[in-house]
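Data file: input03.cif. Format and content: mmCIF, C-alpha atoms and all ligand atoms.
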data_work
loop_
_atom_site.label_atom_id
_atom_site.label_comp_id
_atom_site.auth_asym_id
_atom_site.auth_seq_id
_atom_site.Cartn_x
_atom_site.Cartn_y
_atom_site.Cartn_z
CA MET R 1 105.81 109.62 97.23
CA LYS R 2 108.61 110.59 99.63
CA ASN R 3 106.39 112.99 101.61
CA LYS R 4 103.53 110.46 102.06
CA PRO R 5 103.26 108.40 105.31
CA LEU R 6 104.96 105.01 105.03
CA ARG R 7 102.54 102.22 104.11
CA VAL R 8 102.72 98.73 105.61
CA THR R 9 102.21 97.18 102.17
CA ASP R 10 105.29 98.98 100.82
CA LEU R 11 107.33 98.13 103.92
CA ALA R 12 106.39 94.46 103.57
CA ARG R 13 107.85 94.41 100.05
CA GLU R 14 111.03 96.13 101.21
CA PHE R 15 111.58 93.39 103.82
CA LEU R 16 111.13 90.67 101.20
CA ARG R 17 112.97 92.15 98.22
CA PRO R 18 116.51 91.44 99.51
CA ILE R 19 115.88 87.78 100.37
CA ILE R 20 113.97 86.61 97.28
CA ASN R 21 116.15 85.20 94.51
CA ARG R 22 115.39 84.36 90.91
CA GLY R 23 113.95 80.85 90.73
CA ASP R 24 112.46 80.90 94.25
CA ARG R 25 109.02 79.62 95.17
CA VAL R 26 106.85 82.12 97.00
CA VAL R 27 103.21 82.48 98.10
CA ASP R 28 100.68 85.31 98.10
CA ALA R 29 98.11 84.10 100.64
CA THR R 30 95.63 86.91 99.80
CA ALA R 31 95.85 87.82 96.10
CA GLY R 32 93.27 90.64 96.22
CA THR R 33 93.98 93.15 93.46
CA GLY R 34 97.19 91.34 92.49
CA GLN R 35 99.69 94.02 93.48
CA ASP R 36 101.64 91.72 95.81
CA THR R 37 101.40 88.80 93.37
CA LEU R 38 102.92 91.02 90.68
CA PHE R 39 105.68 92.16 93.03
CA LEU R 40 106.50 88.52 93.87
CA CYS R 41 106.58 87.61 90.16
CA GLN R 42 109.04 90.38 89.48
CA CYS R 43 111.27 89.10 92.31
CA VAL R 44 111.33 85.40 91.33
CA GLY R 45 111.64 85.99 87.58
CA GLU R 46 110.75 83.54 84.82
CA THR R 47 112.36 80.57 86.54
CA GLY R 48 110.49 81.07 89.80
CA ARG R 49 106.93 80.27 90.80
CA VAL R 50 104.27 82.26 92.67
CA PHE R 51 101.24 80.53 94.22
CA ALA R 52 98.42 83.00 94.87
CA PHE R 53 95.31 82.22 96.92
CA ASP R 54 92.00 84.03 97.21
CA ILE R 55 88.46 82.94 98.05
CA GLN R 56 86.94 85.51 95.65
CA MET R 57 86.85 84.97 91.89
CA ALA R 58 86.64 88.76 91.49
CA ALA R 59 90.03 89.08 93.20
CA LEU R 60 91.63 86.33 91.12
CA GLN R 61 90.26 87.95 87.95
CA GLN R 62 91.84 91.29 88.93
CA THR R 63 95.07 89.49 89.70
CA ARG R 64 95.02 87.64 86.37
CA ASP R 65 94.43 90.92 84.53
CA ILE R 66 97.32 92.76 86.18
CA LEU R 67 99.66 89.82 85.60
CA LYS R 68 98.69 89.59 81.92
CA LYS R 69 99.17 93.32 81.50
CA ASN R 70 102.70 92.94 82.87
CA GLY R 71 103.49 89.78 80.90
CA CYS R 72 104.05 87.50 83.90
CA ASP R 73 100.92 85.34 84.10
CA ASP R 74 102.94 82.21 83.16
CA GLN R 75 104.86 82.35 86.45
CA VAL R 76 101.79 82.20 88.67
CA THR R 77 99.42 79.50 89.85
CA LEU R 78 96.15 81.17 90.88
CA ILE R 79 94.26 79.14 93.47
CA HIS R 80 90.56 79.75 94.21
CA GLN R 81 90.67 78.41 97.74
CA SER R 82 91.08 79.49 101.32
CA HIS R 83 94.68 79.89 102.45
CA GLU R 84 93.86 77.49 105.29
CA LEU R 85 94.39 74.75 102.69
CA MET R 86 97.80 76.10 101.66
CA VAL R 87 99.90 73.19 102.86
CA THR R 88 97.82 70.41 101.29
CA THR R 89 97.30 72.38 98.09
CA LEU R 90 100.99 73.09 97.66
CA LYS R 91 101.90 69.52 98.55
CA ALA R 92 99.71 68.40 95.65
CA ALA R 93 101.73 70.78 93.46
CA ALA R 94 104.97 69.09 94.66
CA VAL R 95 105.90 71.98 96.97
CA GLY R 96 107.18 70.42 100.17
CA GLU R 97 107.79 71.70 103.67
CA GLN R 98 110.61 74.22 104.15
CA THR R 99 110.89 75.03 100.42
CA VAL R 100 109.14 78.41 100.21
CA LYS R 101 111.19 81.62 100.50
CA ALA R 102 108.47 84.18 101.16
CA ILE R 103 104.78 84.25 102.08
CA MET R 104 102.67 87.42 102.05
CA PHE R 105 99.43 87.87 103.98
CA ASN R 106 97.62 91.16 103.40
CA LEU R 107 94.60 90.58 105.59
CA GLY R 108 91.18 92.22 105.53
CA TYR R 109 88.84 92.78 102.59
CA LEU R 110 89.31 93.37 98.89
CA PRO R 111 89.92 97.09 98.23
CA ASN R 112 86.80 98.49 96.52
CA GLY R 113 85.14 95.09 96.99
CA ASP R 114 82.56 93.56 99.31
CA GLN R 115 83.69 94.58 102.81
CA THR R 116 81.70 91.75 104.40
CA ILE R 117 84.08 89.22 102.80
CA THR R 118 87.09 89.60 105.03
CA THR R 119 89.74 87.34 106.50
CA GLN R 120 88.63 85.65 109.74
CA VAL R 121 90.52 84.88 112.94
CA GLU R 122 90.14 81.11 112.86
CA SER R 123 91.09 80.54 109.21
CA THR R 124 93.88 83.12 109.41
CA LEU R 125 95.49 81.41 112.40
CA ALA R 126 95.18 77.99 110.72
CA ALA R 127 96.79 79.39 107.56
CA LEU R 128 99.62 81.02 109.50
CA GLN R 129 100.36 77.80 111.33
CA GLY R 130 100.55 75.91 108.04
CA ALA R 131 102.62 78.64 106.42
CA LEU R 132 105.32 78.29 109.09
CA SER R 133 105.96 74.72 107.96
CA LEU R 134 106.50 75.87 104.36
CA LEU R 135 109.13 78.54 105.08
CA THR R 136 112.70 77.63 104.22
CA SER R 137 115.69 78.61 106.34
CA GLY R 138 116.20 82.35 105.81
CA GLY R 139 112.62 82.69 104.58
CA ARG R 140 110.24 85.48 105.65
CA MET R 141 106.53 85.92 106.03
CA THR R 142 104.84 89.34 106.04
CA LEU R 143 101.48 90.04 107.68
CA CYS R 144 99.68 93.34 107.05
CA LEU R 145 96.94 93.80 109.65
CA TYR R 146 94.10 96.34 109.69
CA PRO R 147 92.67 96.86 113.20
CA GLY R 148 90.64 99.88 112.00
CA HIS R 149 87.53 97.71 111.36
CA PRO R 150 85.87 95.41 113.94
CA GLU R 151 86.83 92.03 112.44
CA GLY R 152 90.30 93.39 111.71
CA MET R 153 90.74 94.43 115.35
CA LEU R 154 89.87 90.92 116.59
CA GLU R 155 92.13 89.40 113.96
CA SER R 156 95.05 91.72 114.75
CA GLN R 157 94.84 90.95 118.47
CA ALA R 158 94.67 87.19 117.85
CA VAL R 159 97.55 87.25 115.36
CA ILE R 160 99.78 89.30 117.68
CA ARG R 161 99.06 86.90 120.57
CA TRP R 162 99.88 83.95 118.31
CA CYS R 163 103.15 85.59 117.17
CA GLU R 164 104.17 86.17 120.78
CA THR R 165 104.11 82.41 121.37
CA LEU R 166 106.38 81.49 118.45
CA GLU R 167 109.59 79.74 119.37
CA ALA R 168 112.94 79.39 117.61
CA PRO R 169 113.78 79.11 114.77
CA PHE R 170 111.11 81.77 114.20
CA ALA R 171 111.51 85.44 115.13
CA ALA R 172 108.50 87.77 114.95
CA HIS R 173 108.83 91.58 114.58
CA HIS R 174 106.08 94.18 114.79
CA PHE R 175 106.01 97.61 113.08
CA HIS R 176 103.32 100.25 113.49
CA THR R 177 102.81 103.99 113.44
CA LEU R 178 102.86 105.38 117.00
CA ASN R 179 100.82 108.56 116.59
CA ARG R 180 97.72 107.28 114.74
CA GLU R 181 94.61 105.56 116.10
CA SER R 182 94.34 101.86 115.16
CA PRO R 183 96.94 102.15 112.40
CA PRO R 184 97.60 99.29 109.97
CA THR R 185 100.47 97.24 111.30
CA LEU R 186 103.11 94.98 109.80
CA ILE R 187 104.48 91.78 111.28
CA ILE R 188 107.53 90.06 109.81
CA ILE R 189 108.24 86.48 110.74
CA GLN R 190 111.70 85.14 109.92
CA ARG R 191 112.82 81.54 109.92
CA THR R 192 116.36 81.94 111.13
CA ARG R 193 117.67 78.43 110.46
C1 LIG C 1 93.46 93.25 101.63
S1 LIG C 1 93.02 92.14 100.36
C2 LIG C 1 94.57 91.64 99.70
C3 LIG C 1 95.23 92.71 98.88
C4 LIG C 1 96.29 92.18 97.92
N1 LIG C 1 97.42 91.58 98.56
C5 LIG C 1 96.75 93.24 96.94
O1 LIG C 1 97.95 93.37 96.65
O2 LIG C 1 95.85 93.92 96.41
C6 LIG C 1 92.51 90.69 101.23
C7 LIG C 1 92.06 89.55 100.33
O3 LIG C 1 91.97 88.37 101.12
C8 LIG C 1 90.98 87.56 100.56
N2 LIG C 1 90.58 86.53 101.53
C9 LIG C 1 89.70 86.61 102.55
N3 LIG C 1 89.65 85.44 103.22
C10 LIG C 1 90.53 84.60 102.60
C11 LIG C 1 90.92 83.25 102.81
N4 LIG C 1 90.40 82.53 103.82
N5 LIG C 1 91.84 82.70 101.98
C12 LIG C 1 92.37 83.44 100.96
N6 LIG C 1 92.03 84.73 100.71
C13 LIG C 1 91.12 85.29 101.51
C14 LIG C 1 89.87 88.54 100.21
O4 LIG C 1 89.01 87.98 99.25
C15 LIG C 1 90.69 89.74 99.69
O5 LIG C 1 90.80 89.71 98.30
#
With the file now loaded, output its structure as structure tokens.
Amino acid sequence: MKNKPLRVTDLAREFLRPIINRGDRVVDATAGTGQDTLFLCQCVGETGRVFAFDIQMAALQQTRDILKKNGCDDQVTLIHQSHELMVTTLKAAAVGEQTVKAIMFNLGYLPNGDQTITTQVESTLAALQGALSLLTSGGRMTLCLYPGHPEGMLESQAVIRWCETLEAPFAAHHFHTLNRESPPTLIIIQRTR
């Protein structure tokens, strides 16, 4: 793996791993194939809780399968809903504002799935705004963006513009490969206090 180009999905995990503790509450805003949900489960351990959203049953089924296979399905609440509804849904599950340590957004479409079902600018921005209110002091949010397809390009531009307007206590950082055309990019948002 060491001679392969760095992947934004791997980098996102590396930025979250050091700040997530056992027992933390965390969110996967786009469950997809379940890889990030599984990673989050492994970080929070048996005493923690992962809330994973996806609008596609096919994605939640894949996520359930991978969690079962790894013996951590008890730690996860799978939510068949748009991440736009994250704040109200988590409130109903007694998860209040500023109590979530990490939130992962891996935008775009389900790998090997229907490419017409993809995250959309308006709902993504609404979800990001809500997600900010959930992050605890020292918490981090990762956004993997894919400008290589038309909807992804619009979404990436809108998300970057939105990040540029964030004020303290949030700090937004942007990572991308310089010598590729429309490479996937990673944004990390920290809540610094
Ligand atoms: C790139 S995939 C996520 C990959 C996943 N994190 C993984 O580890 O495999 C994007 C996912 O976002 C989901 N999605 C699209 N719009 C959504 C929305 N409004 N709310 C929640 N999930 C959404 C898609 O169904 C798709 O499964």
Near-ligand residues for ligand LIG 1 (chain C), threshold 9 Å, only C-alpha atoms and all ligand atoms, as a compact mmCIF listing (two decimals) with C-alpha atoms, keeping the file's coordinate frame:
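Contents of pocket-v2.txt, freshly written:
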# COMPACT_ATOMS: atom_id res chain seq x y z
CA THR R 9 102.21 97.18 102.17
CA ASP R 28 100.68 85.31 98.10
CA ALA R 29 98.11 84.10 100.64
CA THR R 30 95.63 86.91 99.80
CA ALA R 31 95.85 87.82 96.10
CA GLY R 32 93.27 90.64 96.22
CA THR R 33 93.98 93.15 93.46
CA GLY R 34 97.19 91.34 92.49
CA GLN R 35 99.69 94.02 93.48
CA ASP R 36 101.64 91.72 95.81
CA THR R 37 101.40 88.80 93.37
CA LEU R 38 102.92 91.02 90.68
CA PHE R 39 105.68 92.16 93.03
CA ALA R 52 98.42 83.00 94.87
CA PHE R 53 95.31 82.22 96.92
CA ASP R 54 92.00 84.03 97.21
CA ILE R 55 88.46 82.94 98.05
CA GLN R 56 86.94 85.51 95.65
CA MET R 57 86.85 84.97 91.89
CA ALA R 58 86.64 88.76 91.49
CA ALA R 59 90.03 89.08 93.20
CA LEU R 60 91.63 86.33 91.12
CA GLN R 62 91.84 91.29 88.93
CA THR R 63 95.07 89.49 89.70
CA ILE R 79 94.26 79.14 93.47
CA HIS R 80 90.56 79.75 94.21
CA GLN R 81 90.67 78.41 97.74
CA SER R 82 91.08 79.49 101.32
CA HIS R 83 94.68 79.89 102.45
CA GLU R 84 93.86 77.49 105.29
CA LEU R 85 94.39 74.75 102.69
CA MET R 86 97.80 76.10 101.66
CA MET R 104 102.67 87.42 102.05
CA PHE R 105 99.43 87.87 103.98
CA ASN R 106 97.62 91.16 103.40
CA LEU R 107 94.60 90.58 105.59
CA GLY R 108 91.18 92.22 105.53
CA TYR R 109 88.84 92.78 102.59
CA LEU R 110 89.31 93.37 98.89
CA PRO R 111 89.92 97.09 98.23
CA GLY R 113 85.14 95.09 96.99
CA ASP R 114 82.56 93.56 99.31
CA ILE R 117 84.08 89.22 102.80
CA THR R 118 87.09 89.60 105.03
CA THR R 119 89.74 87.34 106.50
CA GLN R 120 88.63 85.65 109.74
CA SER R 123 91.09 80.54 109.21
CA THR R 124 93.88 83.12 109.41
CA ALA R 127 96.79 79.39 107.56
CA CYS R 144 99.68 93.34 107.05
CA LEU R 145 96.94 93.80 109.65
CA TYR R 146 94.10 96.34 109.69
Can you work out which one of R:Thr185, R:Asn21, R:Gln190, R:Thr99 has the shortest atom-to-atom distance to Gln157 in chain R, counting only C-alpha atoms?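 Nearest candidate to Gln157 in chain R out of R:Thr185, R:Asn21, R:Gln190, R:Thr99: R:Thr185.
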I'd like the contact shell of Ala172 in chain R - 9 Å cut-off, all atoms listed in the file, skipping same-chain residues fewer than 4 positions apart - returned as number ranges by chain. R: 163-164, 166, 187-190
Which residues, written as a list in words, have at least one atom at most 6 Å from Phe170 in chain R, with all atoms listed in the file counted and residues fewer than 2 positions away on the same chain left out?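 Skipping anything fewer than 2 positions along the chain leaves Glu167, Ala168, Gln190 and Arg191 of chain R.
Here CA of Phe51 in chain R is placed at a distance of 16.5 Å from CA of Leu143 in chain R.
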Can you find the residues with an atom no farther than 7 Å from (112.1, 81.0, 89.8), counting all atoms listed in the file, and report them as a PDB file with C-alpha atoms, keeping the file's coordinate frame?
ATOM      1  CA  ARG R  22     115.390  84.360  90.910  1.00  0.00           C
ATOM      2  CA  GLY R  23     113.950  80.850  90.730  1.00  0.00           C
ATOM      3  CA  ASP R  24     112.460  80.900  94.250  1.00  0.00           C
ATOM      4  CA  ARG R  25     109.020  79.620  95.170  1.00  0.00           C
ATOM      5  CA  VAL R  44     111.330  85.400  91.330  1.00  0.00           C
ATOM      6  CA  GLY R  45     111.640  85.990  87.580  1.00  0.00           C
ATOM      7  CA  GLU R  46     110.750  83.540  84.820  1.00  0.00           C
ATOM      8  CA  THR R  47     112.360  80.570  86.540  1.00  0.00           C
ATOM      9  CA  GLY R  48     110.490  81.070  89.800  1.00  0.00           C
ATOM     10  CA  ARG R  49     106.930  80.270  90.800  1.00  0.00           C
TER      11      ARG R  49
END
In Å, with one decimal, what is the gap from CA of Pro183 in chain R to CA of Gly148 in chain R?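 Going from CA of Pro183 in chain R over to CA of Gly148 in chain R, I get 6.7 Å.
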Which is closer to Gln61 in chain R than all the others in R:Thr136, R:Asp73, R:Leu125, R:Gln115, using all atoms listed in the file? R:Asp73
Point out the residue among R:Met153, R:Cys72, R:Leu186, R:Val50 with the least atom-to-atom distance to Ala93 in chain R, counting all atoms listed in the file.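 Using all atoms listed in the file, Ala93 in chain R sits closest to R:Val50.
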To one decimal in Å, tell me the separation between CA of Ile20 in chain R and CA of Cys43 in chain R. 6.2 Å
Counting all atoms listed in the file, which residue out of R:Met141, R:Gln42, R:Thr89, R:Pro147 sits closest to Leu128 in chain R? R:Met141
Could you write out as AutoDock Vina command-line options the box around range 131-135 of chain R (axis-aligned, all atoms listed in the file, 3 Å on each side), with centre and edge lengths in Å to one decimal?
--center_x 105.9 --center_y 76.7 --center_z 106.7 --size_x 12.5 --size_y 9.9 --size_z 10.7
With all atoms listed in the file as the atoms that count, which of R:Gln98, R:Arg193, R:Ser182, R:Leu134 lies nearest to Leu154 in chain R?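 That would be R:Ser182, the residue with the smallest distance to Leu154 in chain R.
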Kindly indicate which residue among R:Lys69, R:Lys4, R:Lys91, R:His173 lies nearest to Thr142 in chain R, using all atoms listed in the file for the distances.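 Closest to Thr142 in chain R, using all atoms listed in the file: R:His173.
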